[in-house]
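Enquirer: For reference, this is final_11.tsv, and it has TSV, C-alpha atoms.
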```tsv
chain	number	residue	atom	x	y	z
A	792	MET	CA	5.39	-9.26	-123.94
A	793	SER	CA	2.72	-7.17	-125.65
A	794	ALA	CA	-1.01	-7.77	-125.53
A	795	LEU	CA	-0.90	-8.87	-129.18
A	796	GLU	CA	1.84	-11.40	-128.47
A	797	ARG	CA	-0.17	-12.80	-125.55
A	798	LEU	CA	-3.26	-12.96	-127.76
A	799	ALA	CA	-1.31	-14.82	-130.46
A	800	GLU	CA	-0.18	-17.34	-127.83
A	801	THR	CA	-3.76	-17.78	-126.60
A	802	ILE	CA	-4.95	-18.38	-130.16
A	803	GLU	CA	-2.30	-21.10	-130.57
A	804	LYS	CA	-3.44	-22.74	-127.33
A	805	ARG	CA	-7.05	-22.75	-128.53
A	806	ARG	CA	-6.10	-24.76	-131.62
A	807	GLY	CA	-6.44	-28.02	-129.70
A	808	VAL	CA	-9.66	-27.13	-127.88
A	809	SER	CA	-13.09	-28.34	-128.89
A	810	PRO	CA	-14.87	-25.92	-131.26
A	811	ARG	CA	-17.86	-26.14	-128.90
A	812	ASP	CA	-15.76	-24.63	-126.12
A	813	SER	CA	-13.89	-21.86	-127.93
A	814	TRP	CA	-14.81	-19.30	-130.57
A	815	THR	CA	-11.19	-19.34	-131.73
A	816	ALA	CA	-11.17	-23.12	-132.08
A	817	ALA	CA	-14.47	-22.92	-133.97
A	818	LEU	CA	-13.00	-20.40	-136.43
A	819	LEU	CA	-9.84	-22.45	-136.93
A	820	ALA	CA	-11.91	-25.59	-137.50
A	821	LYS	CA	-13.68	-23.85	-140.40
A	822	GLY	CA	-10.38	-23.54	-142.23
A	823	PRO	CA	-8.11	-20.76	-143.44
A	824	GLU	CA	-10.50	-19.48	-146.09
A	825	LYS	CA	-13.25	-18.84	-143.52
A	826	CYS	CA	-10.74	-17.22	-141.18
A	827	ALA	CA	-9.63	-14.91	-144.00
A	828	GLU	CA	-13.25	-14.11	-144.85
A	829	LYS	CA	-13.98	-13.21	-141.22
A	830	PHE	CA	-10.88	-11.00	-141.10
A	831	GLY	CA	-12.12	-9.20	-144.22
A	832	GLU	CA	-15.58	-8.68	-142.71
A	833	GLU	CA	-14.07	-7.16	-139.59
A	834	ALA	CA	-11.77	-4.92	-141.64
A	835	VAL	CA	-14.76	-3.59	-143.57
A	836	GLU	CA	-16.60	-2.90	-140.32
A	837	ALA	CA	-13.59	-0.95	-139.04
A	838	ILE	CA	-13.47	1.05	-142.29
A	839	ILE	CA	-17.15	1.92	-141.95
A	840	GLU	CA	-16.62	3.20	-138.41
A	841	ALA	CA	-13.57	5.20	-139.51
A	842	VAL	CA	-15.61	6.86	-142.26
A	843	LYS	CA	-18.52	7.52	-139.90
A	844	GLY	CA	-16.16	9.02	-137.34
A	845	ASP	CA	-17.43	6.95	-134.40
A	846	ARG	CA	-14.25	6.76	-132.35
A	847	GLU	CA	-15.53	4.29	-129.75
A	848	LYS	CA	-16.84	1.86	-132.36
A	849	LEU	CA	-13.64	2.25	-134.40
A	850	VAL	CA	-11.59	1.22	-131.37
A	851	ALA	CA	-13.80	-1.85	-130.80
A	852	GLU	CA	-13.79	-2.86	-134.47
A	853	SER	CA	-10.02	-2.36	-134.66
A	854	ALA	CA	-9.60	-4.80	-131.76
A	855	ASP	CA	-11.76	-7.28	-133.70
A	856	VAL	CA	-9.58	-6.76	-136.79
A	857	LEU	CA	-6.38	-7.49	-134.86
A	858	TYR	CA	-7.87	-10.61	-133.25
A	859	HIS	CA	-9.17	-11.97	-136.57
A	860	MET	CA	-5.87	-11.16	-138.29
A	861	LEU	CA	-4.06	-13.29	-135.71
A	862	VAL	CA	-6.57	-16.12	-136.19
A	863	MET	CA	-6.09	-15.91	-139.96
A	864	LEU	CA	-2.31	-16.08	-139.57
A	865	ALA	CA	-2.64	-19.08	-137.23
A	866	ALA	CA	-4.92	-20.81	-139.72
A	867	ARG	CA	-2.09	-20.63	-142.27
A	868	ASP	CA	0.61	-21.52	-139.72
A	869	VAL	CA	2.20	-18.08	-139.88
A	870	ALA	CA	3.64	-17.16	-136.49
A	871	PHE	CA	2.99	-13.64	-135.26
A	872	GLY	CA	6.73	-13.43	-134.62
A	873	GLU	CA	7.29	-13.68	-138.38
A	874	VAL	CA	5.10	-10.62	-138.92
A	875	LEU	CA	6.90	-8.74	-136.15
A	876	ALA	CA	10.26	-9.67	-137.71
A	877	GLU	CA	9.09	-8.30	-141.06
A	878	LEU	CA	8.02	-5.04	-139.41
A	879	GLU	CA	11.41	-4.81	-137.70
A	880	ARG	CA	13.14	-5.44	-141.03
A	881	ARG	CA	11.20	-2.54	-142.54
A	882	GLU	CA	11.77	-0.20	-139.60
A	883	GLY	CA	13.62	2.93	-140.61
A	884	THR	CA	12.85	2.43	-144.30
A	885	SER	CA	10.58	4.92	-145.98
A	886	GLY	CA	7.30	3.49	-147.20
A	887	ILE	CA	8.06	4.76	-150.68
A	888	ALA	CA	11.45	3.01	-150.78
A	889	GLU	CA	10.01	-0.19	-149.30
A	890	LYS	CA	7.24	-0.35	-151.91
A	891	ALA	CA	9.72	0.33	-154.73
A	892	ALA	CA	11.89	-2.56	-153.52
A	893	ARG	CA	8.95	-5.00	-153.88
A	894	ARG	CA	8.82	-4.59	-157.67
```
I need this file expressed as structure tokens, please.
Expert:
Amino acid sequence: MSALERLAETIEKRRGVSPRDSWTAALLAKGPEKCAEKFGEEAVEAIIEAVKGDREKLVAESADVLYHMLVMLAARDVAFGEVLAELERREGTSGIAEKAARR
């Protein structure tokens, strides 16, 4: 099991915890819109670090992006396994062909 899969499981477990005891539970309690907003904020911070070229900060912000993406998915009851299955479905398909098939 990957670190991301373990993190997704931990996020699910935090769903039933008091928001006072868990940052994840606090985010989930604020609803899916707030979780999506927080994901967007973290993505922007990662972009800024990528543009600035600060490798260490980019790594840290990227970890934040992945965590907040998983929280956002959980807030909308989308299992991480569904995302992994979609990636597996796309595996071996060129990005150009995959985008063309979406139209």
Enquirer: Find, counting only C-alpha atoms, the residue in A:Leu849, A:Leu875, A:Thr884, A:Arg893 that gets nearest to Glu796 in chain A.
Expert: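 Closest candidate: A:Leu875.
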Enquirer: Determine the nearest neighbour of Leu798 in chain A from the options A:Glu847, A:Asp855, A:Glu840, A:Asp812, counting only C-alpha atoms.
Expert: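 The answer is A:Asp855, which sits nearest to Leu798 in chain A.
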Enquirer: So how far away is CA of Val835 in chain A from CA of Val874 in chain A, in Å?
Expert: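 Between these atoms lies a distance of 21.6 Å.
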Enquirer: Skipping near chain neighbours, those fewer than 3 positions away, what residues fall within 9 Å of Val856 in chain A using only C-alpha atoms, listed as number ranges by chain?
Expert: A: 829-834, 836-837, 851-853, 859-861
Enquirer: Have a look at A:Val869, A:Ala841, A:Leu795, A:Ala888 and name the one nearest to Leu857 in chain A; count only C-alpha atoms.
Expert: A:Leu795
Enquirer: Find the spatial neighbours of Ala865 in chain A, counting only C-alpha atoms, within a cut-off of 10 Å - ignore same-chain residues fewer than 5 positions away - and output them as an mmCIF file with C-alpha atoms, in the coordinates of the input.
Expert:
```
data_model
loop_
_atom_site.group_PDB
_atom_site.id
_atom_site.type_symbol
_atom_site.label_atom_id
_atom_site.label_comp_id
_atom_site.auth_asym_id
_atom_site.auth_seq_id
_atom_site.Cartn_x
_atom_site.Cartn_y
_atom_site.Cartn_z
ATOM 1 C CA ALA A 799 -1.310 -14.820 -130.460
ATOM 2 C CA GLU A 800 -0.180 -17.340 -127.830
ATOM 3 C CA ILE A 802 -4.950 -18.380 -130.160
ATOM 4 C CA GLU A 803 -2.300 -21.100 -130.570
ATOM 5 C CA ARG A 806 -6.100 -24.760 -131.620
ATOM 6 C CA LEU A 819 -9.840 -22.450 -136.930
ATOM 7 C CA PRO A 823 -8.110 -20.760 -143.440
ATOM 8 C CA CYS A 826 -10.740 -17.220 -141.180
ATOM 9 C CA HIS A 859 -9.170 -11.970 -136.570
ATOM 10 C CA MET A 860 -5.870 -11.160 -138.290
ATOM 11 C CA ALA A 870 3.640 -17.160 -136.490
ATOM 12 C CA PHE A 871 2.990 -13.640 -135.260
#
```
Enquirer: Which one of A:Leu818, A:Ala876, A:Val842, A:Ile887 sits closest to Met863 in chain A if you count only C-alpha atoms?
Expert: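 Of A:Leu818, A:Ala876, A:Val842, A:Ile887, the one nearest Met863 in chain A, counting only C-alpha atoms, is A:Leu818.
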Enquirer: In Å, how far is it from CA of Gly807 in chain A to CA of Met792 in chain A?
Expert: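 Between CA of Gly807 in chain A and CA of Met792 in chain A the gap works out to 22.9 Å.
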Enquirer: In Å to one decimal, how far is CA of Ser793 in chain A from CA of Gly844 in chain A?
Expert: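 Taking CA of Gly844 in chain A and CA of Ser793 in chain A, their separation equals 27.5 Å.
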Enquirer: Please write out, as JSON, where the centre of an axis-aligned box around all listed atoms of range 803-809 of chain A lies and how long its edges are, in Å to one decimal, after adding 6 Å on each side.
Expert:
```
{"center_x": -7.7, "center_y": -24.7, "center_z": -129.5, "size_x": 22.8, "size_y": 19.2, "size_z": 16.3}
```
Enquirer: I'd like to know which of A:Ile839, A:Lys825, A:Val850, A:Ala891 is closest to Ala866 in chain A, using all atoms listed in the file.
Expert: A:Lys825
